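Visitor: The structure is given below, and queries will be raised subsequently.
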Amino acid sequence: MQAWATHVLGESYDFLGKADSALIYFEKSIEIKRTLNDVDGEASSNIGIGMLYFYQKDLSKAESYFNNALTLYTKVNNEKRMGAALNNLGAVYRNQHQYDKAIQTYNHAYDLKVKTNDSVGMFNALANLGTAYQYLKQYDKAEKYLLQSQELQQKIKSKNNQITNFAALAQLKMEQGKYAESKKYLDQGVEVGKTLDQPHEMMEIYQVYAALDTLTNDYKSAYQHLRLQNDFQKKITQADRQKEMDKLEVIYQTKEKEKEIQLSKTTIQNRNKTLWIVSGISALLLLLAFWLFWLRSKLHKSNNRLNSLVKEKEDLVKEIHHRVKNNLQVISSLLNMHVRKVQDPQSKKIFDDGISRIQAMSLIHQNIYSHSSLQELQPKEYVEKLIQQLFITYQIPDKSVQINTSIAEMNMDIEKLMSLGLILNEILSNAFKYAFNGSKTGTIDILMHPIKDDQVELIVKDSGSGISIQMIDAPGDSLGMRLIQAFSDKLNATLSIGNVSGTVYKLTFDPTR
């Protein structure tokens with residue numbers, strides 16, 4: 001019962017978007033289930049952790065946990081759950097652009113779903129196969145599997161995934177230039193959506209519809225569908241605003257606790273003064289000595305209460321950072337949903353740049369939540385995580401760009417580390433996009449060390465073709481360069497940019513001011 005309850009707590013925190021709390025309870029559930037030799041239950045908790053990492057785009061960890069689950073389900077011959085684990089692994093491979101491996105995994109999952117008569121798993125596996133073939137531009141196979149998935153959903157009267165399926169079929173037909181068929185699928189998706197409350201899916205339907213209208217030069221219809229897309233976007237935004245209101249409520253409660261703590265401190269200070277007076281008289285009067293004993297007892301209780309309030313305040317502040325991180329991750333996920341539909345390379349680049357900046361800020365709040373100190377953080381740990389995140393965002397293949405870091409152990413306050421992180425985010429993003437002439441191969445060195453008691457020097461050097469003289473002389477023409485300059489000014493830092501067998505950025509600042 002304890003293992004089950006712990007697993008349910010993990011799922012509850014996952015549903016609320018509290019990934020860190022969910023991970024703690026899933027791991028506790030695994031420990032308990034191992035002691036009970038509950039192999040099936042342990043596999044289920046591994047699936048839960050894998051999904052957490054999947055939605056955070058940590059695909060290597062997600063793959064590891066899904067494989068653990070598959071091994072455990074195989075051990076107890078739970079073929080139905082084996083199929084679920086394989087479906088999840090297929091999604092990982094698809095997001096890693098390993099489409100052939102994804103198709104092989106989805107086919108294995110489908111065979112198991114057929115064997116166990118799992119209708120929901122069958123239409124999910126078929127839809128996943130269709131999506132994988134669509135990425136490979138094998139449109140006939142993609143359509144075949146998507147239609148099979150749609151027919152199965154209609155047969156068992158399951159509507160929840162039909163809108164997404166219709167949108168995928170419409171996108172498929174639009175890519176083939178079969179606009180009439182694309183419109184037919186979109187109309188079917190809209191009709192199904194009238195009976196469901198699925199704003200994200202309906203926003204996707206109308207987004208595809210507007211793109212189709214543009215291709216067919218039906219600009220009036222495109223405008224109407226864009227308005228409908230905007231209506232569903234507003235519904236999603238309202239839900240996000242509710243989350244923001246929850247965050248403000250926590251902030252309000254924190255402020256109230258701070259007032260209570262200050263009042264308690266004032267009370268304790270007054271009682272301490274009284275205590276000293278009574279202590280002087282207590283040597284002469286036994287009665288006053290007993291009174292002093294009683295007063296000491298009351299003071300001890302007050303101190304305990306104060307310590308409890310301080311701890312509660314720290315927990316609330318951490319929770320605020322946790323919620324801010326989750327909200328930033330939600331925004332990042334929404335942008336990722338949009339960027340998959342963007343065809344224009346320049347627009348995609350703008351989306352990717354925005355996502356990387358949001359994720360750089362999110363990492364700060366994640367570190368604050370997991371760190372014991374709320375005042376200072378280690379830049380070394382943050383920079384390493386930022387590098388990993390940028391590799392995923394810009395889809396840099398493993399080992400193609402080598403990043404060497406040498407960062408001294410030091411503490412830095414949250415605001416300075418935020419500015420430093422955003423500067424690094426822009427420099428590394430520029431290096432990935434421009435330094436290596438599109439080949440995405442090369443070396444980047446990141447060094448940060450104290451050079452005086454009150455000065456730290458950051459050097460970032462790449463082995464690329466080097467920044468142009470025009471860019472150095474007129475940095476205001478580039479948003480990235482303007483951001484680097486703006487955050488350097490916020491750090492009161494001295495910034496220099498030059499070419500020495502590649503682009504070199506040198507930043508000198510006082511980490512204590």
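Chain labels A, B, ... are given in the sequence in which chains occur in the structure tokens; within each chain residues are numbered consecutively from 1, and ligands are likewise numbered from 1 in the order shown.
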Please list as a PyMOL selection string every residue within 12 Å of Tyr133 (chain A), counting only C-alpha atoms and excluding residues in the same chain fewer than 2 positions away.
Guide: chain A and resi 94+97-104+106+126-131+135-146+168+172
Visitor: Could you tell me how far CA of Thr195 (chain A) lies from CA of Lys159 (chain A), in Å and to one decimal?
Guide: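 According to the coordinates, CA of Thr195 (chain A) and CA of Lys159 (chain A) are separated by 9.0 Å.
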Visitor: Measuring atom to atom with only C-alpha atoms, identify which of A:Thr71, A:Thr35, A:Ser221, A:Ser29 is nearest to Gly48 (chain A).
Guide: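 Using only C-alpha atoms, the shortest distance to Gly48 (chain A) belongs to A:Ser29.
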Visitor: Quick one: distance from CA of Gln485 (chain A) to CA of Pro511 (chain A) in Å, one decimal?
Guide: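 Distance reported for this atom pair: 17.2 Å.
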Visitor: Please give the complete set of residues from region 399-504 of chain A that DSSP, run on the backbone, assigns to alpha helix (DSSP H), formatted as JSON, numbers by chain.
Guide: {"A": [414, 415, 416, 417, 418, 419, 420, 421, 422, 423, 424, 425, 426, 427, 428, 429, 430, 469, 470, 471, 472, 473, 479, 480, 481, 482, 483, 484, 485, 486, 487, 488, 489, 490]}
Visitor: Deliver the residues from the most recent selection as a file, using C-alpha atoms, as a short mmCIF file (atom, residue, chain, number, x, y, z; two decimals), in the first residue's frame.
Guide:
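Output below, filename selection_24.cif:
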```
data_model
loop_
_atom_site.label_atom_id
_atom_site.label_comp_id
_atom_site.auth_asym_id
_atom_site.auth_seq_id
_atom_site.Cartn_x
_atom_site.Cartn_y
_atom_site.Cartn_z
CA ILE A 414 21.51 34.73 -8.44
CA GLU A 415 21.20 38.02 -10.40
CA LYS A 416 24.82 37.99 -11.58
CA LEU A 417 24.62 34.33 -12.57
CA MET A 418 21.41 35.04 -14.52
CA SER A 419 23.15 37.81 -16.51
CA LEU A 420 26.26 35.67 -17.03
CA GLY A 421 24.12 32.71 -18.19
CA LEU A 422 22.24 34.82 -20.75
CA ILE A 423 25.54 36.23 -22.08
CA LEU A 424 26.94 32.70 -22.46
CA ASN A 425 23.68 31.56 -24.08
CA GLU A 426 24.00 34.25 -26.79
CA ILE A 427 27.75 33.63 -27.36
CA LEU A 428 27.35 29.85 -27.68
CA SER A 429 24.21 30.19 -29.82
CA ASN A 430 26.11 32.48 -32.21
CA ILE A 469 34.87 43.59 -38.46
CA GLN A 470 31.47 45.10 -39.33
CA MET A 471 29.81 43.16 -36.50
CA ILE A 472 32.46 44.32 -34.00
CA ASP A 473 32.15 47.94 -35.15
CA LEU A 479 19.88 41.28 -31.41
CA GLY A 480 22.30 38.71 -29.94
CA MET A 481 25.16 41.26 -29.79
CA ARG A 482 22.83 43.87 -28.26
CA LEU A 483 21.82 41.38 -25.56
CA ILE A 484 25.47 40.52 -24.83
CA GLN A 485 26.28 44.22 -24.46
CA ALA A 486 23.17 44.90 -22.33
CA PHE A 487 23.86 42.10 -19.85
CA SER A 488 27.55 43.06 -19.74
CA ASP A 489 26.49 46.57 -18.72
CA LYS A 490 24.24 45.05 -16.05
#
```
Visitor: Name all residues at most 12 Å from region 112-114 of chain A (count only C-alpha atoms; drop same-chain ones fewer than 6 positions away) and give them as a count of residues only.
Guide: 22
Visitor: Calculate how many Å separate CA of His7 (chain A) from CA of Tyr25 (chain A), rounding to one decimal.
Guide: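 Value for the CA of His7 (chain A)-CA of Tyr25 (chain A) distance: 6.4 Å.
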